[in-house]
file model.txt (compact mmCIF, C-alpha atoms)
# COMPACT_ATOMS: atom_id res chain seq x y z
CA MET Y 681 -9.47 -52.20 43.06
CA ILE Y 682 -11.20 -52.60 46.42
CA GLU Y 683 -13.31 -55.75 46.64
CA LEU Y 684 -16.82 -54.94 47.85
CA SER Y 685 -19.12 -57.17 49.86
CA LYS Y 686 -22.79 -57.76 49.18
CA LEU Y 687 -25.60 -56.64 51.46
CA VAL Y 688 -27.78 -59.58 52.46
CA GLN Y 689 -31.20 -59.18 54.08
CA ILE Y 690 -31.84 -61.55 57.00
CA PRO Y 691 -35.30 -62.89 57.94
CA LEU Y 692 -36.44 -61.12 61.09
CA ARG Y 693 -37.22 -64.36 62.94
CA GLU Y 694 -33.60 -65.43 62.56
CA VAL Y 695 -32.59 -62.36 64.55
CA TRP Y 696 -35.52 -62.09 66.96
CA LYS Y 697 -37.25 -65.45 67.39
CA HIS Y 698 -39.92 -64.18 69.79
CA GLU Y 699 -41.62 -60.83 69.29
CA ALA Y 700 -42.27 -59.97 72.96
CA LEU Y 701 -39.32 -61.71 74.61
CA ASP Y 702 -36.68 -60.86 72.02
CA PHE Y 703 -37.61 -57.93 69.77
CA THR Y 704 -39.51 -55.79 72.29
CA GLN Y 705 -36.81 -56.26 74.94
CA TRP Y 706 -34.12 -55.45 72.39
CA LEU Y 707 -35.91 -52.31 71.22
CA ALA Y 708 -36.39 -51.07 74.79
CA LEU Y 709 -32.61 -50.86 75.33
CA PRO Y 710 -31.30 -47.26 75.31
CA ALA Y 711 -29.09 -47.61 72.22
CA ASN Y 712 -31.89 -49.12 70.15
CA ILE Y 713 -34.54 -46.66 71.31
CA GLU Y 714 -32.07 -43.95 70.28
CA LEU Y 715 -31.99 -45.43 66.78
CA LEU Y 716 -35.78 -45.30 66.65
CA SER Y 717 -35.73 -41.74 68.02
CA ASP Y 718 -33.40 -40.61 65.26
CA THR Y 719 -35.57 -42.28 62.64
CA ILE Y 720 -38.86 -40.62 63.59
CA GLY Y 721 -37.45 -37.36 64.99
CA VAL Y 722 -39.01 -37.79 68.43
CA ASN Y 723 -36.70 -37.84 71.45
CA ILE Y 724 -37.77 -40.88 73.50
CA THR Y 725 -36.53 -40.62 77.09
CA GLU Y 726 -38.54 -43.09 79.20
CA THR Y 727 -39.68 -46.63 78.35
CA GLN Y 728 -41.79 -49.33 79.99
CA THR Y 729 -42.62 -52.71 78.45
CA GLU Y 730 -45.88 -54.70 78.54
CA VAL Y 731 -48.04 -51.97 80.09
CA GLY Y 732 -51.67 -52.93 80.71
CA VAL Y 733 -54.50 -51.21 78.83
CA GLY Y 734 -57.72 -52.90 79.92
CA GLN Y 735 -57.44 -56.53 78.86
CA PHE Y 736 -54.52 -55.78 76.52
CA HIS Y 737 -50.84 -54.94 76.96
CA VAL Y 738 -48.99 -52.34 74.92
CA ASP Y 739 -45.52 -53.51 73.91
CA ILE Y 740 -43.71 -50.30 74.90
CA LEU Y 741 -45.08 -47.19 76.60
CA ALA Y 742 -42.65 -44.29 76.49
CA GLU Y 743 -42.44 -40.52 76.93
CA ASP Y 744 -40.54 -37.72 75.26
CA GLU Y 745 -38.74 -34.91 77.09
CA HIS Y 746 -41.95 -32.87 77.23
CA GLY Y 747 -43.93 -35.65 78.91
CA ARG Y 748 -45.93 -36.65 75.83
CA LYS Y 749 -46.91 -40.32 75.92
CA ILE Y 750 -45.64 -42.56 73.13
CA VAL Y 751 -47.12 -45.97 72.29
CA ILE Y 752 -44.92 -48.45 70.39
CA GLU Y 753 -46.59 -51.55 68.98
CA ASN Y 754 -44.42 -54.27 67.42
CA GLN Y 755 -45.51 -56.81 64.81
CA LEU Y 756 -42.85 -59.05 63.23
CA GLU Y 757 -45.22 -60.02 60.43
CA PRO Y 758 -47.32 -58.21 57.80
CA THR Y 759 -49.82 -55.67 59.13
CA ASN Y 760 -53.34 -56.80 59.97
CA HIS Y 761 -56.63 -55.33 61.18
CA ASP Y 762 -56.11 -56.70 64.70
CA HIS Y 763 -52.99 -54.64 65.32
CA LEU Y 764 -54.50 -51.58 63.64
CA GLY Y 765 -57.35 -51.77 66.14
CA LYS Y 766 -54.88 -52.23 68.99
CA ILE Y 767 -52.90 -49.07 68.27
CA ILE Y 768 -56.11 -47.03 68.20
CA THR Y 769 -57.23 -48.64 71.46
CA TYR Y 770 -53.87 -47.96 73.11
CA ALA Y 771 -53.75 -44.36 71.86
CA SER Y 772 -57.19 -43.58 73.27
CA GLY Y 773 -56.80 -45.58 76.49
CA LEU Y 774 -53.43 -44.04 77.37
CA GLN Y 775 -54.04 -40.59 75.82
CA ALA Y 776 -50.89 -41.07 73.75
CA GLU Y 777 -49.87 -38.27 71.39
CA VAL Y 778 -47.44 -40.38 69.36
CA VAL Y 779 -48.11 -43.92 68.11
CA VAL Y 780 -45.39 -45.99 66.42
CA TRP Y 781 -46.38 -49.23 64.67
CA ILE Y 782 -43.31 -51.32 63.72
CA VAL Y 783 -43.93 -54.19 61.30
CA GLU Y 784 -42.23 -56.65 58.98
CA ARG Y 785 -44.26 -55.50 55.98
CA ALA Y 786 -46.93 -52.83 55.63
CA ARG Y 787 -49.95 -53.73 53.52
CA GLU Y 788 -51.24 -50.96 51.29
CA GLU Y 789 -54.64 -50.77 52.99
CA HIS Y 790 -53.01 -50.26 56.40
CA GLU Y 791 -50.62 -47.62 55.06
CA GLN Y 792 -53.69 -45.80 53.74
CA ALA Y 793 -55.38 -46.17 57.14
CA ILE Y 794 -52.43 -44.56 58.96
CA ASN Y 795 -52.33 -41.72 56.44
CA TRP Y 796 -56.06 -41.21 56.94
CA LEU Y 797 -55.63 -41.05 60.72
CA ASN Y 798 -52.88 -38.44 60.37
CA GLU Y 799 -54.96 -36.33 58.01
CA ASN Y 800 -58.18 -36.50 60.03
CA THR Y 801 -57.06 -36.23 63.65
CA THR Y 802 -55.89 -33.26 65.69
CA GLU Y 803 -52.30 -32.14 66.24
CA ASP Y 804 -52.30 -34.18 69.47
CA ALA Y 805 -52.50 -37.50 67.57
CA ASN Y 806 -49.51 -38.54 65.46
CA PHE Y 807 -49.17 -41.97 63.84
CA PHE Y 808 -46.04 -43.58 62.40
CA LEU Y 809 -45.88 -46.83 60.43
CA LEU Y 810 -42.37 -48.30 60.14
CA GLN Y 811 -40.92 -51.42 58.55
CA ILE Y 812 -38.01 -53.08 60.37
CA GLU Y 813 -35.31 -54.87 58.39
CA ALA Y 814 -32.12 -56.75 59.31
CA TRP Y 815 -29.07 -56.69 57.04
CA LYS Y 816 -25.53 -58.05 57.13
CA ILE Y 817 -22.37 -57.76 55.05
CA GLY Y 818 -20.42 -60.98 54.63
CA ASP Y 819 -19.93 -62.55 58.06
CA SER Y 820 -20.84 -59.41 59.99
CA ARG Y 821 -23.49 -59.34 62.68
CA PRO Y 822 -26.98 -58.35 61.49
CA ALA Y 823 -27.76 -54.63 61.64
CA PRO Y 824 -31.28 -53.21 62.01
CA ARG Y 825 -32.79 -50.62 59.70
CA PHE Y 826 -36.06 -48.75 60.18
CA ASN Y 827 -37.90 -47.49 57.10
CA ILE Y 828 -40.74 -45.00 57.49
CA VAL Y 829 -43.79 -46.01 55.47
CA ALA Y 830 -46.26 -43.44 56.81
CA LYS Y 831 -45.85 -40.48 59.15
CA PRO Y 832 -47.77 -37.40 60.33
CA ASN Y 833 -48.58 -34.94 57.58
CA ASP Y 834 -47.51 -31.68 59.21
CA TRP Y 835 -48.56 -29.55 56.29
CA ALA Y 836 -52.07 -30.98 56.20
CA LYS Y 837 -52.46 -30.34 59.92
CA THR Y 838 -51.16 -26.77 59.59
CA VAL Y 839 -53.76 -26.08 56.91
CA LYS Y 840 -56.47 -27.67 59.06
CA GLN Y 841 -55.51 -25.51 62.05
CA SER Y 842 -55.54 -22.37 59.88
CA ALA Y 843 -59.02 -23.23 58.59
CA THR Y 844 -60.34 -23.35 62.15
CA GLY Y 845 -58.64 -20.11 63.16
CA ASN Y 846 -55.83 -21.82 65.08
CA THR Y 847 -53.00 -20.26 63.06
CA ILE Y 848 -49.30 -20.35 63.78
CA SER Y 849 -48.02 -16.93 64.84
CA ASP Y 850 -45.41 -14.98 62.87
CA LEU Y 851 -43.12 -15.22 65.90
CA LYS Y 852 -43.26 -19.03 65.91
CA LEU Y 853 -42.55 -19.11 62.17
CA LYS Y 854 -39.53 -16.82 62.64
CA GLN Y 855 -38.26 -19.10 65.41
CA GLN Y 856 -38.63 -22.05 63.06
CA ASP Y 857 -36.69 -20.16 60.36
CA PHE Y 858 -33.87 -19.53 62.85
CA PHE Y 859 -33.67 -23.20 63.84
CA GLU Y 860 -33.77 -24.22 60.17
CA LEU Y 861 -30.61 -22.15 59.60
CA LEU Y 862 -29.08 -23.79 62.69
CA ARG Y 863 -29.98 -27.23 61.36
CA LYS Y 864 -28.43 -26.55 57.95
CA TYR Y 865 -25.26 -25.16 59.57
CA GLY Y 866 -25.05 -28.22 61.82
CA GLU Y 867 -25.43 -30.63 58.91
CA ASP Y 868 -22.49 -28.95 57.17
CA ASN Y 869 -20.21 -28.46 60.17
CA ALA Y 870 -21.06 -30.63 63.20
CA GLN Y 871 -19.31 -34.00 63.31
CA VAL Y 872 -20.71 -35.48 66.53
CA VAL Y 873 -24.40 -35.19 65.59
CA ARG Y 874 -25.52 -38.10 63.41
CA SER Y 875 -28.87 -36.70 62.30
CA TRP Y 876 -30.68 -33.38 62.53
CA ARG Y 877 -34.39 -33.49 63.17
CA LYS Y 878 -37.09 -31.56 61.38
CA THR Y 879 -37.68 -28.08 62.81
CA GLN Y 880 -41.04 -27.01 64.24
CA PRO Y 881 -42.64 -23.57 64.87
CA GLN Y 882 -41.70 -23.41 68.56
CA HIS Y 883 -39.13 -21.75 70.81
CA TRP Y 884 -36.89 -24.82 71.24
CA TYR Y 885 -35.08 -27.32 69.02
CA ASP Y 886 -33.81 -30.64 70.36
CA ILE Y 887 -30.52 -32.09 69.12
CA SER Y 888 -29.66 -35.77 69.55
CA ILE Y 889 -26.09 -36.50 70.69
CA GLY Y 890 -26.11 -40.28 70.30
CA THR Y 891 -27.54 -41.35 73.65
CA SER Y 892 -31.03 -41.63 75.12
CA GLN Y 893 -29.65 -40.45 78.49
CA ALA Y 894 -29.24 -36.83 77.39
CA HIS Y 895 -29.71 -34.41 74.52
CA LEU Y 896 -29.11 -30.76 73.70
CA SER Y 897 -31.93 -28.24 73.39
CA ALA Y 898 -31.41 -24.91 71.63
CA THR Y 899 -33.78 -22.21 72.90
CA ILE Y 900 -34.91 -18.72 71.93
CA ASN Y 901 -36.15 -16.08 74.36
CA SER Y 902 -37.70 -13.60 71.92
CA ARG Y 903 -38.81 -11.19 74.64
CA ASP Y 904 -35.29 -10.72 76.05
CA LEU Y 905 -33.55 -11.29 72.69
CA LEU Y 906 -31.56 -14.24 74.01
CA VAL Y 907 -30.57 -17.61 72.59
CA GLY Y 908 -29.39 -20.52 74.71
CA MET Y 909 -28.26 -24.12 74.65
CA GLU Y 910 -29.40 -26.52 77.37
CA VAL Y 911 -28.25 -30.02 78.27
CA TYR Y 912 -31.30 -32.13 79.13
CA ILE Y 913 -30.44 -35.20 81.27
CA SER Y 914 -33.15 -37.80 81.82
CA ASN Y 915 -32.97 -39.13 85.39
CA ASN Y 916 -29.23 -39.83 85.36
CA LYS Y 917 -27.61 -38.34 88.46
CA GLU Y 918 -24.28 -39.98 87.69
CA LEU Y 919 -24.05 -38.19 84.34
CA PHE Y 920 -25.15 -34.90 85.90
CA ASN Y 921 -22.54 -35.16 88.66
CA LYS Y 922 -19.84 -35.98 86.10
CA LEU Y 923 -20.67 -32.86 84.08
CA PHE Y 924 -21.07 -30.72 87.19
CA GLY Y 925 -17.59 -31.80 88.30
CA ARG Y 926 -16.24 -30.22 85.09
CA LYS Y 927 -18.36 -27.08 85.45
CA ASP Y 928 -15.47 -24.63 85.67
CA SER Y 929 -13.63 -26.17 82.73
CA ILE Y 930 -16.74 -26.18 80.54
CA GLU Y 931 -17.64 -22.58 81.39
CA ASN Y 932 -14.06 -21.49 80.74
CA GLN Y 933 -14.05 -23.12 77.29
CA LEU Y 934 -17.36 -21.43 76.49
CA GLY Y 935 -15.99 -18.05 77.55
CA MET Y 936 -18.44 -17.70 80.43
CA GLN Y 937 -15.82 -16.86 83.06
call {"tool": "encode", "arguments": {"input": "model.txt", "output": "structure tokens"}}
result
Amino acid sequence: MIELSKLVQIPLREVWKHEALDFTQWLALPANIELLSDTIGVNITETQTEVGVGQFHVDILAEDEHGRKIVIENQLEPTNHDHLGKIITYASGLQAEVVVWIVERAREEHEQAINWLNENTTEDANFFLLQIEAWKIGDSRPAPRFNIVAKPNDWAKTVKQSATGNTISDLKLKQQDFFELLRKYGEDNAQVVRSWRKTQPQHWYDISIGTSQAHLSATINSRDLLVGMEVYISNNKELFNKLFGRKDSIENQLGMQ
């Protein structure tokens, strides 16, 4: 019989002693931002740390591939009113469309507050509340784990948009159905994709490939009855040149020559 080890949770301050100098700098690294991206289903491509907002500084200001601003606020302790006020201040001051609040422990009243914000704001304001944990097995190095406590309620916002006449078109819903079939096929057959994100009623679907430097984007051109697959590279000329150098080989394998 195989002998199994026991999972042991490690206090966060044993892993990251200082919130700004240790945890924020760790999270801003590409591999760790990729882990956060996979958790919340938002492809984070650009990051800056300690960005000024009036008299305050947001821990991480980022963007996704569509240029939407993302605010990430870290708190290696239980949630409090001070940080709740900060994320609202940062969201309004920076016109951020996605706000991610990462904490040691989420108090019930603050979880309710985030849910209320998601239910009572427009589609351009999306709030996530995550708990960060550190675990190890035996003598292994600690491994991080993000747990989503609260996230945007897409269904509630869809109903709200419908009530105001801002309905989702049949075409967009059909595109979402197509990408949902693609997602299910990928989950059953693709080995290099670790997680498949939730589909949306839009003409593209982003696929993470394990790096924040690039991702795939499946597209639909309904007018011309075409589907496509794009490689999106975020400001990495070296990676682009490497792929371009294999252009003929790639096109040949895809049957494009």
call {"tool": "atom_distance", "arguments": {"input": "model.txt", "atom1": "atom CA of Gln728 of chain Y", "atom2": "atom CA of Ala742 of chain Y"}}
result
6.2 Å
call {"tool": "residues_around", "arguments": {"input": "model.txt", "residues": "His883 of chain Y", "least_positions_apart": "6", "cutoff": "9 Å", "atoms": "all atoms listed in the file", "output": "VMD selection string"}}
result
chain Y and resid 852 855 to 856 859 898 to 902
call {"tool": "closest_residue", "arguments": {"input": "model.txt", "among": "Y:Lys686, Y:His737, Y:Arg787, Y:Lys816", "to": "Ala830 of chain Y", "atoms": "all atoms listed in the file"}}
result
Y:Arg787
call {"tool": "atom_distance", "arguments": {"input": "model.txt", "atom1": "atom CA of Val873 of chain Y", "atom2": "atom CA of Ile720 of chain Y"}}
result
15.6 Å
call {"tool": "atom_distance", "arguments": {"input": "model.txt", "atom1": "atom CA of Glu726 of chain Y", "atom2": "atom CA of Tyr912 of chain Y"}}
result
13.1 Å
call {"tool": "closest_residue", "arguments": {"input": "model.txt", "among": "Y:Ala771, Y:Val783, Y:Ile740, Y:Leu923", "to": "Arg825 of chain Y", "atoms": "only C-alpha atoms"}}
result
Y:Val783
call {"tool": "residues_near_point", "arguments": {"input": "model.txt", "point": "(-34.0, -29.0, 58.0)", "cutoff": "8 Å", "atoms": "all atoms listed in the file", "output": "ChimeraX atom specification"}}
result
/Y:860-861,863-864,876-879
call {"tool": "residues_around", "arguments": {"input": "model.txt", "residues": "Ala776 of chain Y", "least_positions_apart": "6", "cutoff": "7 Å", "atoms": "all atoms listed in the file", "output": "PyMOL selection string"}}
result
chain Y and resi 748-751
call {"tool": "closest_residue", "arguments": {"input": "model.txt", "among": "Y:Asp744, Y:Asp739, Y:Glu714, Y:Glu789", "to": "Asn760 of chain Y", "atoms": "only C-alpha atoms"}}
result
Y:Glu789
call {"tool": "closest_residue", "arguments": {"input": "model.txt", "among": "Y:Glu743, Y:Glu791, Y:Glu931, Y:Asp904", "to": "His761 of chain Y", "atoms": "only C-alpha atoms"}}
result
Y:Glu791
call {"tool": "residues_around", "arguments": {"input": "model.txt", "residues": "Ile690 of chain Y", "least_positions_apart": "3", "cutoff": "10 Å", "atoms": "only C-alpha atoms", "output": "PyMOL selection string"}}
result
chain Y and resi 687+693-695+813-816+822-824
call {"tool": "closest_residue", "arguments": {"input": "model.txt", "among": "Y:Gln775, Y:Ser849, Y:Gln893, Y:Asn795", "to": "Pro881 of chain Y", "atoms": "only C-alpha atoms"}}
result
Y:Ser849
call {"tool": "closest_residue", "arguments": {"input": "model.txt", "among": "Y:Trp696, Y:Thr725, Y:Pro758, Y:Ala894", "to": "Leu709 of chain Y", "atoms": "only C-alpha atoms"}}
result
Y:Thr725
